[in-house]
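Colleague: Below are the structure tokens for one structure; questions will follow.
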Amino acid sequence: MNQFIQQLINGLSLGSIYALIALGYTMVYGVLRFINFAHGDVFMVGAYVGFYAGRWMNDRFHAGPSIPLAVAVLAISMIVCAILGIVIERLAYAPLRNQPRLTVLITAIGVSLFLEYGGQQLFGAGPDNFPQLLPNYAVLNTAAFTITTNQLIVLSVTVALLIALTFVVLKTKIGTAMRALSFNPTAASLMGINNNVVISFTFGLGSALAAAAGILWAVNYPSINPLMGLLPGVKAFVAAVLGGIGNIPGAALGGLILGVTETLVVGYSDKLHIPPSYRDAVAFVVLIVILLFKPSGLLGKSGSEKV
Amino acid sequence: MIKSNNSARPDRLILTFVSAAACVALTLAGCNKTESTSSSSSDTIKIGEYACLTGQTASFGTASHNGAVLVIDDVNANGGVLGKKIKLITEDDQSKPGEAATAVRKLISRDKVSALIGEIASSRSLEAGPIAQQNKIPMVSPGSTNPNVTRIGDYIFRVCFIDEFQGAVMAKFCLNSLHKTRVAILKDVRQDYSVGFAEYFKLPFTKGGGTIVVEQSYSSGDQDFKAQLTSIRAANPDAIFVPGYYNEVGLIARQARELGINVPLLGGDGWDSPTLAQIGGAAMNGNFFSNHFSVDDQTPVVQDFVKKFRARFSKDPDAMAALGFDAAKVLLDAITRAGGTDPAKLRDALASTKNFEGVTGAITINEQRNATKAAKVLTIKDGQFHFFEAVSP
Amino acid sequence: MKFASGKLYLLIAAVISFAISCWVPMDQYVREIILTIGINIILAVSLNLVNGYTGQFSLGHAGFMAIGAYFSAAITTFWAPQWLGASVDLSSGLAATLVFFGALLAGALLAAVAGLVIGIPSLRLRGDYLAIATLGFGEIIRVIIQNTDAIGGSRGFTVSNGYTNFFWTYLFAAITIYVVVNLVNSAYGRGFLAVRDDEVAAEAIGVNTTKYKVIAFVLAAFFAGIAGGLYSHFKQYLHPDGFSFLKSIEVVVMVILGGMGSTGGVIAAAVFLSLLPEALRFIPQKYEEWFGIPLPHLIDEILKNRMLIYSLLLIILMLTRPQGIFGGLRRPAFLTSKKTSAPNAIPS
């Protein structure tokens, strides 16, 4: 029982990062109906930008772990990644807008591999130690379970971004434009919406979310490497599908469920007779089961998918 | 739509295809004869190296490669071996199974290398080793610890420990020096090194009276280990044996401390990297691992190596770099003693390597073509590795 | 369709490849490349049936290959010596040939069963969802192998006999091409193209789209299993990481480069992409020989990072010629009055 509470906390904190990555995934999918396979790698770039920015600021201002440092690093990384996202969209995806969705998916896989192996070239293949941005200590430490500040920060940032994103999508002008575009791009452009601007904005926002997730991930797991985006990216996608892709609260819910499921499978592997290293398979099994029995996801709108 | 006009003729297609394949085969088969005579010059000795310079395990491969390059450049700057320059021809296998075999065949049949420096990863040594053996090209592996690697044949050598040795060392250290009898294991199932090391730790440890309270695992690339660690915490061990690589170990240590697990972590040479202490930070304090060398070892060989490595690559060498360095050094030493690159003589010279003063200790090649050297157990304090004690199993 | 003449050519193909494997001396590196090409052809042509002709999108081909590779290797390495006893020489000779052939078929059949198991549920999925689900299946297979100690797990599996030679590889390559091309060109096989071109319309006119999709999956898996069996008795060492999602991507790139739905193009692409990395090995060396100075460090580094080149190739290809480089080559314009205009991509 002791173990169970701790495992639940572990699962929730892991799940909230999945959720954060999934938010970006699901938003891009919601608007453009395509899987941005490179999302996980923008996440990696975000972590690296944070790494260099944090190190530079540490050298320059001798800023110890503090809130201004963390916010500054987060902001820099989100801006850089937003630009990167827009550039990727302009160069690689925009010319394919009228092509079949699979063509875009293949291109996205290409972009993903390019960022990964370009990253190995640029940043080096070995792991780098992410600088400490915030002091980390146990907030609550009982015999049964421990909660650290990092875990709370991840959870609160995820919730904050979730609310902010929902606000942007539902209450702002650009959000309305995004929804209009996702509903019917042609009609949207006829109504005076500049589709290019909206799509760029969507990508920029999605990539900024990925960067935020990258920074939070690196704060929690301070070892970063150019291939780090691969698995979290795939899992966040699973989370997005689980929650109903295109649905923002769904992504958050999916992330949490996936995080908890994975953690429990690993934590109780001996009782379940599943080797803990089946963890990565768990995500895929969840994905396949969801796709087969409820393709619209937990919170997604049901109705037959338009081919 | 006029899309169904794919009236390809299977007959023609197959015929064209097979005759094309035949032509290619014949041309290539013909051209290799001309190739073979042109590429043998006598003023250089060619050494082949296949390493994982890109892909999943690139950090290890690059380190080992850097070590080897350091030796070769150094030797060439000082007049080479037997008056000949050494040419190191490196092929990247992208950390991908299947590629190592191709790379080695290329090195042997195109470049006509006289000897090979092998892979860090045992899996790729097991793949390419048989080819070296078949062609009777001596191969020295810097870091393949799976016992099966040198069992491939009498042309395969290594300069590192084998899993069995290191496992026994740590088991003994844990029982006799730390007096810990209840140990949890957390191994990396994606790395053959980790799986083997864990297995060879378990045997002598349980035989010596210890118990494995729980065994958990992860796959390299994972970054969250709290689930495993929580279940380990529930089993209440005296120590945790983590036979993985530094990429993950730093994070494991950090997360263990976050969960309030304060027992020491134990590991092996896979831990050795300056990055480990950076990632793990204070969480690495008081942990132990077996290793071949330590940067603050004051022997001139090690200090010289560390100095040169820092100058050239502007970072501290890790175990892989040291092993790459030693593999190249042992090989060149054998070439000198053999008086040339005649495969059989070179093989014998390698086999008779005795007390060779490498940076990873005094290397003696035993009958199984494995290196025997004393293991050093290091402990970590404030980001520095310190020598703790020497253990022989 | 002249099936009979197709068979005749298949026979000729068999004879030629047998002759080559017997009498043409091959240097080991060349042999390695040629066999790799053959195996890649089998993989690409079979995947083309799913991704190209049927218009589905599978990213799990490496998983089927892994099943064929491991199962056939387990038969020849563990079970055959056990069943046949020590008296039978399994290193060469008739018994060895039969065992190898049987193992190949068994591996391929198991892969086909997996294809069936994966194919049926996958029918509910379309387009990018199917791609991700098959990717998931492939990875699940890899994780299972990695955790199975009996076949080596992450320590790898050393296969005892290297049966694969030019004859076997190219015989099966020819058979794969024969089956795939004949199938899609038969009246029966038009169903595959119908599923690709317009699934709803196909269904409306009475094409059993489900059946065609399953057949495509199962056949593709079968041949991927054959390729796996050939691979395992060629490299004689298997490691689960060799069958990861990157391997599937490699095959997908071949299919795309060749122009989805063009067997000739896909073969050309398989040959090209198998030779490319080997050619890249020689560029720095040759450059130094010809110009007397080493290749600039950065270019050298980039050339060594072959996945970087692959990914760039993939992106540029998709942007400029989504129908593939070799897509239109098989049917030059002057031979046909119809324009080969439609890109062979999948309508969404």
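By order in the structure tokens, chains are A, B, ...; within a chain, residues start at 1; ligands start at 1, following the order shown.
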Near A:Ser16, within 7 Å and counting only C-alpha atoms, which residues show up once chain neighbours fewer than 6 positions away are dropped, as a list in words?

Modeller: Val154, Leu155, Thr158, Gly255 and Leu256 of chain A

Colleague: Just want the 9 Å neighbourhood of B:Leu107, counted on only C-alpha atoms, with same-chain residues fewer than 3 positions away dropped. Output as a PyMOL selection string.

Modeller: (chain B and resi 47-50+89-91+102-104+110-113+116) or (chain C and resi 29)

Colleague: Give me, as a VMD selection string, the contact residues of chain B against chain A at a cut-off of 9 Å, counting only C-alpha atoms.

Modeller: chain B and resid 53 to 60 62 188 to 190 214 to 219 221 to 234 247 to 248 250 to 251 254 to 255 258 to 260 275 to 276 278 to 280

Colleague: Looking at C:Phe234, C:Tyr310, C:Phe57, C:Phe222, which one is nearest to chain B, with distances taken over only C-alpha atoms?

Modeller: C:Phe234

Colleague: What lies within 6 Å of stretch 60-69 of chain C using only C-alpha atoms, ignoring chain neighbours under 5 positions off, as a list in words?

Modeller: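 These residues fall inside the cut-off: Gly107, Ala108, Ala111, Thr134, Leu135, Gly138, Ile141, Ala221, Ala224, Gly225, Gly228, Gly229, Ser232, Phe243, Lys247 and Ser248 of chain C.
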
Colleague: Go ahead and save the picked residues with N, CA and C atoms, as a tab-separated table (two decimals), in the first residue's frame.

Modeller:
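Heads up, here's the output in out10.tsv:
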chain	number	residue	atom	x	y	z
C	107	GLY	N	9.71	-19.90	-40.90
C	107	GLY	CA	9.84	-18.52	-40.41
C	107	GLY	C	8.88	-17.61	-41.14
C	108	ALA	N	8.80	-17.80	-42.46
C	108	ALA	CA	7.93	-16.94	-43.26
C	108	ALA	C	6.47	-17.18	-42.89
C	111	ALA	N	5.69	-15.49	-39.71
C	111	ALA	CA	5.57	-14.05	-39.97
C	111	ALA	C	4.22	-13.76	-40.62
C	134	THR	N	1.02	0.16	-36.76
C	134	THR	CA	1.97	-0.86	-37.22
C	134	THR	C	3.35	-0.60	-36.64
C	135	LEU	N	3.70	0.67	-36.50
C	135	LEU	CA	4.96	1.00	-35.84
C	135	LEU	C	4.96	0.40	-34.44
C	138	GLY	N	5.43	-3.37	-34.52
C	138	GLY	CA	6.84	-3.69	-34.79
C	138	GLY	C	7.69	-3.54	-33.54
C	141	ILE	N	7.08	-6.33	-31.01
C	141	ILE	CA	7.82	-7.54	-31.37
C	141	ILE	C	9.27	-7.43	-30.93
C	221	ALA	N	4.03	-9.85	-45.14
C	221	ALA	CA	4.68	-10.38	-43.95
C	221	ALA	C	5.42	-11.67	-44.28
C	224	ALA	N	8.57	-10.79	-45.99
C	224	ALA	CA	9.48	-10.17	-45.02
C	224	ALA	C	10.10	-11.26	-44.14
C	225	GLY	N	9.29	-12.29	-43.82
C	225	GLY	CA	9.81	-13.42	-43.05
C	225	GLY	C	10.90	-14.15	-43.79
C	228	GLY	N	13.91	-12.14	-43.63
C	228	GLY	CA	14.50	-12.29	-42.30
C	228	GLY	C	15.31	-13.58	-42.19
C	229	GLY	N	14.73	-14.69	-42.69
C	229	GLY	CA	15.43	-15.96	-42.64
C	229	GLY	C	16.73	-15.92	-43.43
C	232	SER	N	19.23	-13.88	-41.40
C	232	SER	CA	19.83	-14.50	-40.23
C	232	SER	C	20.87	-15.56	-40.60
C	243	PHE	N	16.17	-4.71	-35.64
C	243	PHE	CA	14.83	-4.78	-36.21
C	243	PHE	C	13.95	-3.69	-35.62
C	247	LYS	N	14.76	0.31	-39.05
C	247	LYS	CA	14.87	-0.64	-40.16
C	247	LYS	C	13.61	-0.54	-41.04
C	248	SER	N	12.46	-0.45	-40.38
C	248	SER	CA	11.22	-0.29	-41.14
C	248	SER	C	11.27	0.97	-41.99

Colleague: Which one is closest to chain A: C:Leu125, C:Ala44, C:Val159, C:Ala95? Count only C-alpha atoms.

Modeller: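 Distance minimum relative to chain A lands on C:Leu125.
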
Colleague: Report the closest atom pair, with its distance in Å rounded to one decimal, for each residue of chain A that has an atom no farther than 10 Å from chain C; count only C-alpha atoms, sort by chain and then rising residue number, and write it as a Markdown table.

Modeller:
| residue | atom | partner | partner_atom | distance |
| --- | --- | --- | --- | --- |
| A:Arg33 | CA | C:Asp128 | CA | 9.8 |
| A:Phe34 | CA | C:Asp128 | CA | 7.8 |
| A:Ile35 | CA | C:Asp128 | CA | 7.3 |
| A:Phe37 | CA | C:Ile132 | CA | 10.0 |
| A:Leu91 | CA | C:Leu319 | CA | 9.1 |
| A:Ala92 | CA | C:Ile315 | CA | 7.1 |
| A:Tyr93 | CA | C:Leu319 | CA | 8.4 |
| A:Ala94 | CA | C:Leu319 | CA | 9.6 |
| A:Pro95 | CA | C:Leu319 | CA | 6.9 |
| A:Leu96 | CA | C:Leu319 | CA | 6.8 |
| A:Gln99 | CA | C:Pro347 | CA | 8.4 |
| A:Pro100 | CA | C:Ser348 | CA | 5.3 |
| A:Arg101 | CA | C:Ser348 | CA | 6.2 |
| A:Leu102 | CA | C:Asp128 | CA | 6.4 |
| A:Thr103 | CA | C:Met318 | CA | 6.6 |
| A:Val104 | CA | C:Met318 | CA | 7.9 |
| A:Leu105 | CA | C:Asp128 | CA | 7.1 |
| A:Ile106 | CA | C:Met318 | CA | 7.6 |
| A:Thr107 | CA | C:Ile315 | CA | 5.1 |
| A:Ala108 | CA | C:Ile315 | CA | 8.0 |
| A:Ile109 | CA | C:Ser311 | CA | 8.0 |
| A:Gly110 | CA | C:Ser311 | CA | 4.6 |
| A:Val111 | CA | C:Ser311 | CA | 6.8 |
| A:Ser112 | CA | C:Ser311 | CA | 8.1 |
| A:Leu113 | CA | C:Ser311 | CA | 5.7 |
| A:Phe114 | CA | C:Ser311 | CA | 5.2 |
| A:Leu115 | CA | C:Leu308 | CA | 8.4 |
| A:Glu116 | CA | C:Leu308 | CA | 8.3 |
| A:Tyr117 | CA | C:Leu308 | CA | 5.4 |
| A:Gly118 | CA | C:Leu308 | CA | 6.3 |
| A:Gly119 | CA | C:Leu308 | CA | 9.6 |
| A:Gln120 | CA | C:Asn305 | CA | 8.9 |
| A:Gln121 | CA | C:Ile302 | CA | 7.6 |
| A:Val234 | CA | C:Ile132 | CA | 9.0 |
| A:Phe237 | CA | C:Ile132 | CA | 9.3 |
| A:Val238 | CA | C:Ile132 | CA | 9.1 |
| A:Val241 | CA | C:Tyr129 | CA | 9.2 |
| A:Pro275 | CA | C:Asn147 | CA | 7.6 |
| A:Pro276 | CA | C:Asn147 | CA | 9.7 |
| A:Ser277 | CA | C:Asn147 | CA | 7.5 |
| A:Tyr278 | CA | C:Val143 | CA | 6.5 |
| A:Arg279 | CA | C:Val143 | CA | 9.0 |
| A:Asp280 | CA | C:Val143 | CA | 7.6 |
| A:Ala281 | CA | C:Ile140 | CA | 5.1 |
| A:Val282 | CA | C:Ile140 | CA | 8.5 |
| A:Ala283 | CA | C:Gly136 | CA | 8.5 |
| A:Phe284 | CA | C:Gly136 | CA | 5.0 |
| A:Val285 | CA | C:Gly136 | CA | 7.5 |
| A:Val286 | CA | C:Gly136 | CA | 9.8 |
| A:Leu287 | CA | C:Ala133 | CA | 7.2 |
| A:Ile288 | CA | C:Ala133 | CA | 5.9 |
| A:Val289 | CA | C:Ala133 | CA | 9.6 |
| A:Leu291 | CA | C:Leu125 | CA | 7.4 |
| A:Leu292 | CA | C:Pro121 | CA | 6.7 |
| A:Phe293 | CA | C:Arg124 | CA | 9.3 |
| A:Pro295 | CA | C:Leu125 | CA | 8.2 |
| A:Glu305 | CA | C:Arg126 | CA | 8.8 |
| A:Lys306 | CA | C:Ser348 | CA | 8.8 |
| A:Val307 | CA | C:Ser348 | CA | 5.7 |

Colleague: Those residues you just picked out, can you put them in a file as a PDB file, in the first residue's frame with C-alpha atoms?

Modeller:
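Heads up, here's the output in part39.pdb:
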ATOM      1  CA  ARG A  33      -5.047  16.857 -39.135  1.00  0.00           C
ATOM      2  CA  PHE A  34      -1.565  15.571 -39.439  1.00  0.00           C
ATOM      3  CA  ILE A  35       0.856  13.850 -37.086  1.00  0.00           C
ATOM      4  CA  PHE A  37       6.237  13.238 -35.999  1.00  0.00           C
ATOM      5  CA  LEU A  91      10.169  24.684 -45.480  1.00  0.00           C
ATOM      6  CA  ALA A  92       8.973  21.137 -45.145  1.00  0.00           C
ATOM      7  CA  TYR A  93       5.222  20.999 -44.638  1.00  0.00           C
ATOM      8  CA  ALA A  94       3.754  24.059 -46.316  1.00  0.00           C
ATOM      9  CA  PRO A  95       4.669  22.988 -49.870  1.00  0.00           C
ATOM     10  CA  LEU A  96       2.812  19.739 -49.228  1.00  0.00           C
ATOM     11  CA  GLN A  99      -0.689  16.485 -50.897  1.00  0.00           C
ATOM     12  CA  PRO A 100      -2.028  13.331 -49.250  1.00  0.00           C
ATOM     13  CA  ARG A 101      -1.598  13.264 -45.509  1.00  0.00           C
ATOM     14  CA  LEU A 102       0.806  10.355 -45.728  1.00  0.00           C
ATOM     15  CA  THR A 103       3.227  12.369 -47.812  1.00  0.00           C
ATOM     16  CA  VAL A 104       3.332  14.884 -45.004  1.00  0.00           C
ATOM     17  CA  LEU A 105       3.742  12.140 -42.415  1.00  0.00           C
ATOM     18  CA  ILE A 106       6.739  10.741 -44.295  1.00  0.00           C
ATOM     19  CA  THR A 107       8.231  14.216 -44.525  1.00  0.00           C
ATOM     20  CA  ALA A 108       7.686  14.621 -40.810  1.00  0.00           C
ATOM     21  CA  ILE A 109       9.552  11.370 -40.178  1.00  0.00           C
ATOM     22  CA  GLY A 110      12.333  12.761 -42.324  1.00  0.00           C
ATOM     23  CA  VAL A 111      12.399  15.986 -40.315  1.00  0.00           C
ATOM     24  CA  SER A 112      12.433  13.967 -37.099  1.00  0.00           C
ATOM     25  CA  LEU A 113      15.419  11.883 -38.192  1.00  0.00           C
ATOM     26  CA  PHE A 114      17.126  15.009 -39.490  1.00  0.00           C
ATOM     27  CA  LEU A 115      16.814  16.766 -36.139  1.00  0.00           C
ATOM     28  CA  GLU A 116      18.009  13.678 -34.274  1.00  0.00           C
ATOM     29  CA  TYR A 117      21.071  12.991 -36.344  1.00  0.00           C
ATOM     30  CA  GLY A 118      21.755  16.655 -37.013  1.00  0.00           C
ATOM     31  CA  GLY A 119      21.623  17.005 -33.234  1.00  0.00           C
ATOM     32  CA  GLN A 120      24.204  14.263 -32.835  1.00  0.00           C
ATOM     33  CA  GLN A 121      26.412  16.197 -35.233  1.00  0.00           C
ATOM     34  CA  VAL A 234       5.949   8.563 -29.332  1.00  0.00           C
ATOM     35  CA  PHE A 237       1.430  10.814 -29.269  1.00  0.00           C
ATOM     36  CA  VAL A 238      -0.086   7.755 -27.645  1.00  0.00           C
ATOM     37  CA  VAL A 241      -4.639   9.517 -29.184  1.00  0.00           C
ATOM     38  CA  PRO A 275       9.215  -7.934 -17.065  1.00  0.00           C
ATOM     39  CA  PRO A 276       9.554  -4.224 -16.253  1.00  0.00           C
ATOM     40  CA  SER A 277      11.354  -3.652 -19.509  1.00  0.00           C
ATOM     41  CA  TYR A 278       8.065  -4.209 -21.287  1.00  0.00           C
ATOM     42  CA  ARG A 279       7.331  -0.644 -20.308  1.00  0.00           C
ATOM     43  CA  ASP A 280       7.693   0.680 -23.846  1.00  0.00           C
ATOM     44  CA  ALA A 281       5.462  -2.046 -25.145  1.00  0.00           C
ATOM     45  CA  VAL A 282       2.786  -0.973 -22.666  1.00  0.00           C
ATOM     46  CA  ALA A 283       2.373   2.371 -24.384  1.00  0.00           C
ATOM     47  CA  PHE A 284       1.952   0.693 -27.735  1.00  0.00           C
ATOM     48  CA  VAL A 285      -0.493  -1.861 -26.446  1.00  0.00           C
ATOM     49  CA  VAL A 286      -2.566   0.960 -24.963  1.00  0.00           C
ATOM     50  CA  LEU A 287      -2.397   2.766 -28.283  1.00  0.00           C
ATOM     51  CA  ILE A 288      -3.485  -0.212 -30.322  1.00  0.00           C
ATOM     52  CA  VAL A 289      -6.276  -1.150 -27.971  1.00  0.00           C
ATOM     53  CA  LEU A 291      -7.342   2.674 -31.768  1.00  0.00           C
ATOM     54  CA  LEU A 292      -9.193  -0.578 -32.204  1.00  0.00           C
ATOM     55  CA  PHE A 293     -11.993  -0.132 -29.757  1.00  0.00           C
ATOM     56  CA  PRO A 295     -10.527   5.294 -32.244  1.00  0.00           C
ATOM     57  CA  GLU A 305     -13.396   9.416 -39.333  1.00  0.00           C
ATOM     58  CA  LYS A 306     -13.364  11.148 -42.651  1.00  0.00           C
ATOM     59  CA  VAL A 307     -10.970   9.288 -44.892  1.00  0.00           C
TER      60      VAL A 307
END

Colleague: Find the spatial neighbours of B:Arg347, counting only C-alpha atoms, within a cut-off of 9 Å - ignore same-chain residues fewer than 2 positions away - and output them as an mmCIF file with N, CA and C atoms, in the first residue's frame.

Modeller:
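This is the output file result_5.cif:
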data_model
loop_
_atom_site.group_PDB
_atom_site.id
_atom_site.type_symbol
_atom_site.label_atom_id
_atom_site.label_comp_id
_atom_site.auth_asym_id
_atom_site.auth_seq_id
_atom_site.Cartn_x
_atom_site.Cartn_y
_atom_site.Cartn_z
ATOM 1 N N LYS B 136 41.583 -14.678 -40.625
ATOM 2 C CA LYS B 136 42.808 -14.680 -39.841
ATOM 3 C C LYS B 136 43.412 -13.284 -39.725
ATOM 4 N N ILE B 137 42.585 -12.347 -39.359
ATOM 5 C CA ILE B 137 43.058 -10.991 -39.079
ATOM 6 C C ILE B 137 42.898 -10.764 -37.580
ATOM 7 N N PRO B 138 43.993 -10.553 -36.876
ATOM 8 C CA PRO B 138 43.873 -10.366 -35.430
ATOM 9 C C PRO B 138 43.004 -9.166 -35.096
ATOM 10 N N MET B 139 42.152 -9.353 -34.099
ATOM 11 C CA MET B 139 41.249 -8.284 -33.710
ATOM 12 C C MET B 139 41.374 -8.061 -32.204
ATOM 13 N N ASP B 154 40.935 -17.980 -32.141
ATOM 14 C CA ASP B 154 42.230 -17.618 -31.591
ATOM 15 C C ASP B 154 42.798 -16.313 -32.144
ATOM 16 N N TYR B 155 42.031 -15.613 -32.970
ATOM 17 C CA TYR B 155 42.507 -14.322 -33.456
ATOM 18 C C TYR B 155 41.821 -13.151 -32.762
ATOM 19 N N ILE B 156 40.962 -13.477 -31.811
ATOM 20 C CA ILE B 156 40.174 -12.429 -31.161
ATOM 21 C C ILE B 156 40.678 -12.186 -29.736
ATOM 22 N N ALA B 334 52.330 -5.287 -30.015
ATOM 23 C CA ALA B 334 52.436 -6.639 -30.568
ATOM 24 C C ALA B 334 53.049 -6.595 -31.971
ATOM 25 N N ALA B 338 56.260 -8.552 -33.030
ATOM 26 C CA ALA B 338 56.166 -9.558 -34.087
ATOM 27 C C ALA B 338 57.089 -9.200 -35.250
ATOM 28 N N ASP B 342 52.694 -10.090 -40.184
ATOM 29 C CA ASP B 342 52.303 -11.453 -40.540
ATOM 30 C C ASP B 342 51.239 -11.918 -39.544
ATOM 31 N N PRO B 343 50.068 -12.307 -40.060
ATOM 32 C CA PRO B 343 48.943 -12.564 -39.154
ATOM 33 C C PRO B 343 49.263 -13.554 -38.041
ATOM 34 N N ALA B 344 49.890 -14.659 -38.374
ATOM 35 C CA ALA B 344 50.136 -15.677 -37.361
ATOM 36 C C ALA B 344 51.099 -15.162 -36.301
ATOM 37 N N LYS B 345 52.142 -14.466 -36.776
ATOM 38 C CA LYS B 345 53.121 -13.934 -35.817
ATOM 39 C C LYS B 345 52.500 -12.853 -34.942
ATOM 40 N N ALA B 349 52.185 -12.800 -31.008
ATOM 41 C CA ALA B 349 52.711 -11.676 -30.227
ATOM 42 C C ALA B 349 51.632 -11.120 -29.308
ATOM 43 N N LEU B 350 50.403 -11.007 -29.844
ATOM 44 C CA LEU B 350 49.305 -10.518 -29.012
ATOM 45 C C LEU B 350 49.061 -11.461 -27.846
ATOM 46 N N ALA B 351 49.077 -12.764 -28.168
ATOM 47 C CA ALA B 351 48.781 -13.764 -27.148
ATOM 48 C C ALA B 351 49.829 -13.742 -26.046
ATOM 49 N N SER B 352 51.050 -13.315 -26.384
ATOM 50 C CA SER B 352 52.092 -13.348 -25.358
ATOM 51 C C SER B 352 52.294 -11.986 -24.685
#

Colleague: Do you have the atom CA of C:Leu275-atom CA of C:Gly292 distance handy?

Modeller: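 Between atom CA of C:Leu275 and atom CA of C:Gly292 the gap is 25.4 Å.
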
Colleague: Sorted by chain and rising residue number, list the residues of chain C at most 7 Å from chain B (counting only C-alpha atoms), each with its closest atom pair and distance in Å to one decimal, as a Markdown table.

Modeller:
| residue | atom | partner | partner_atom | distance |
| --- | --- | --- | --- | --- |
| C:Ser5 | CA | B:Asp11 | CA | 6.5 |
| C:Gly6 | CA | B:Asp11 | CA | 4.4 |
| C:Tyr9 | CA | B:Asp11 | CA | 5.6 |
| C:Leu10 | CA | B:Ile14 | CA | 6.9 |
| C:Ala13 | CA | B:Val18 | CA | 5.8 |
| C:Pro25 | CA | B:Ala29 | CA | 6.4 |
| C:Met26 | CA | B:Ala29 | CA | 5.0 |
| C:Asp27 | CA | B:Ala29 | CA | 6.4 |
| C:Gln28 | CA | B:Arg105 | CA | 6.4 |
| C:Tyr29 | CA | B:Arg105 | CA | 5.0 |
| C:Val30 | CA | B:Leu28 | CA | 6.6 |
| C:Glu32 | CA | B:Thr102 | CA | 6.5 |
| C:Gln146 | CA | B:Arg190 | CA | 6.9 |
| C:Ser154 | CA | B:Asp192 | CA | 5.2 |
| C:Arg155 | CA | B:Asp192 | CA | 4.4 |
| C:Gly156 | CA | B:Ser123 | CA | 6.1 |
| C:Ala174 | CA | B:Ile14 | CA | 6.0 |
| C:Ile177 | CA | B:Ile14 | CA | 6.8 |
| C:Tyr178 | CA | B:Pro10 | CA | 5.8 |
| C:Val181 | CA | B:Pro10 | CA | 5.6 |
| C:Asn182 | CA | B:Pro10 | CA | 6.2 |
| C:Asn185 | CA | B:Ser7 | CA | 6.3 |
| C:Leu193 | CA | B:Ser4 | CA | 6.7 |
| C:Lys235 | CA | B:Gly98 | CA | 6.7 |
| C:Tyr237 | CA | B:Glu127 | CA | 5.4 |
| C:His239 | CA | B:Pro97 | CA | 6.3 |
| C:Asp241 | CA | B:Pro97 | CA | 6.7 |
| C:Gly242 | CA | B:Pro97 | CA | 4.9 |
| C:Gly264 | CA | B:Leu13 | CA | 7.0 |
| C:Asn305 | CA | B:Thr54 | CA | 6.4 |
| C:Ala342 | CA | B:Lys3 | CA | 6.9 |

Colleague: With DSSP run on the backbone, what are the helix (DSSP H, G or I) residues within stretch 191-276 of chain A? I'd like them as a ChimeraX atom specification.

Modeller: /A:195-220,230-243,248-267,269-272,276

Colleague: Which residues are close to B:Leu178, i.e. within 12 Å by only C-alpha atoms, leaving aside same-chain residues fewer than 4 positions away? Reply as a list in words.

Modeller: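 Listing them by chain and then by number gives Met170, Ala171, Lys172, Phe173, Cys174, Arg182, Val183, Gly210, Asp238, Ala239, Val263, Pro264, Leu265, Leu266, Gly286, Asn287, Phe288, Val377, Phe388 and Glu389 of chain B.
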
Colleague: Please identify all polymer residues within 6 Å of stretch 358-367 of chain B, counting only C-alpha atoms, omitting same-chain residues fewer than 2 positions from it, and present them as JSON, numbers by chain.

Modeller: {"B": [292, 293, 301, 302, 326, 351, 353, 354, 355, 356, 369, 370, 371, 372, 373]}

Colleague: Would you list the contacts of A:Tyr29 as a PyMOL selection string, taking every protein, DNA or RNA residue within 10 Å and counting only C-alpha atoms, but skipping same-chain residues closer than 4 positions in sequence?

Modeller: chain A and resi 23-25+33-36+182+202+206+240+245-247

Colleague: Between atom CA of C:Ile205 and atom CA of C:Arg190, what is the distance, to one decimal in Å?

Modeller: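 These atoms are spaced 12.7 Å apart.
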
Colleague: Restricting the calculation to only C-alpha atoms: of B:Ala115, B:Asn66, B:Trp271, B:Asp43, which residue gets closest to B:Lys85?

Modeller: B:Asp43

Colleague: Suppose you want the space between atom CA of A:Ile290 and atom CA of A:Ala160; what is it in Å?

Modeller: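 If I compute the distance from atom CA of A:Ile290 to atom CA of A:Ala160, I get 27.5 Å.
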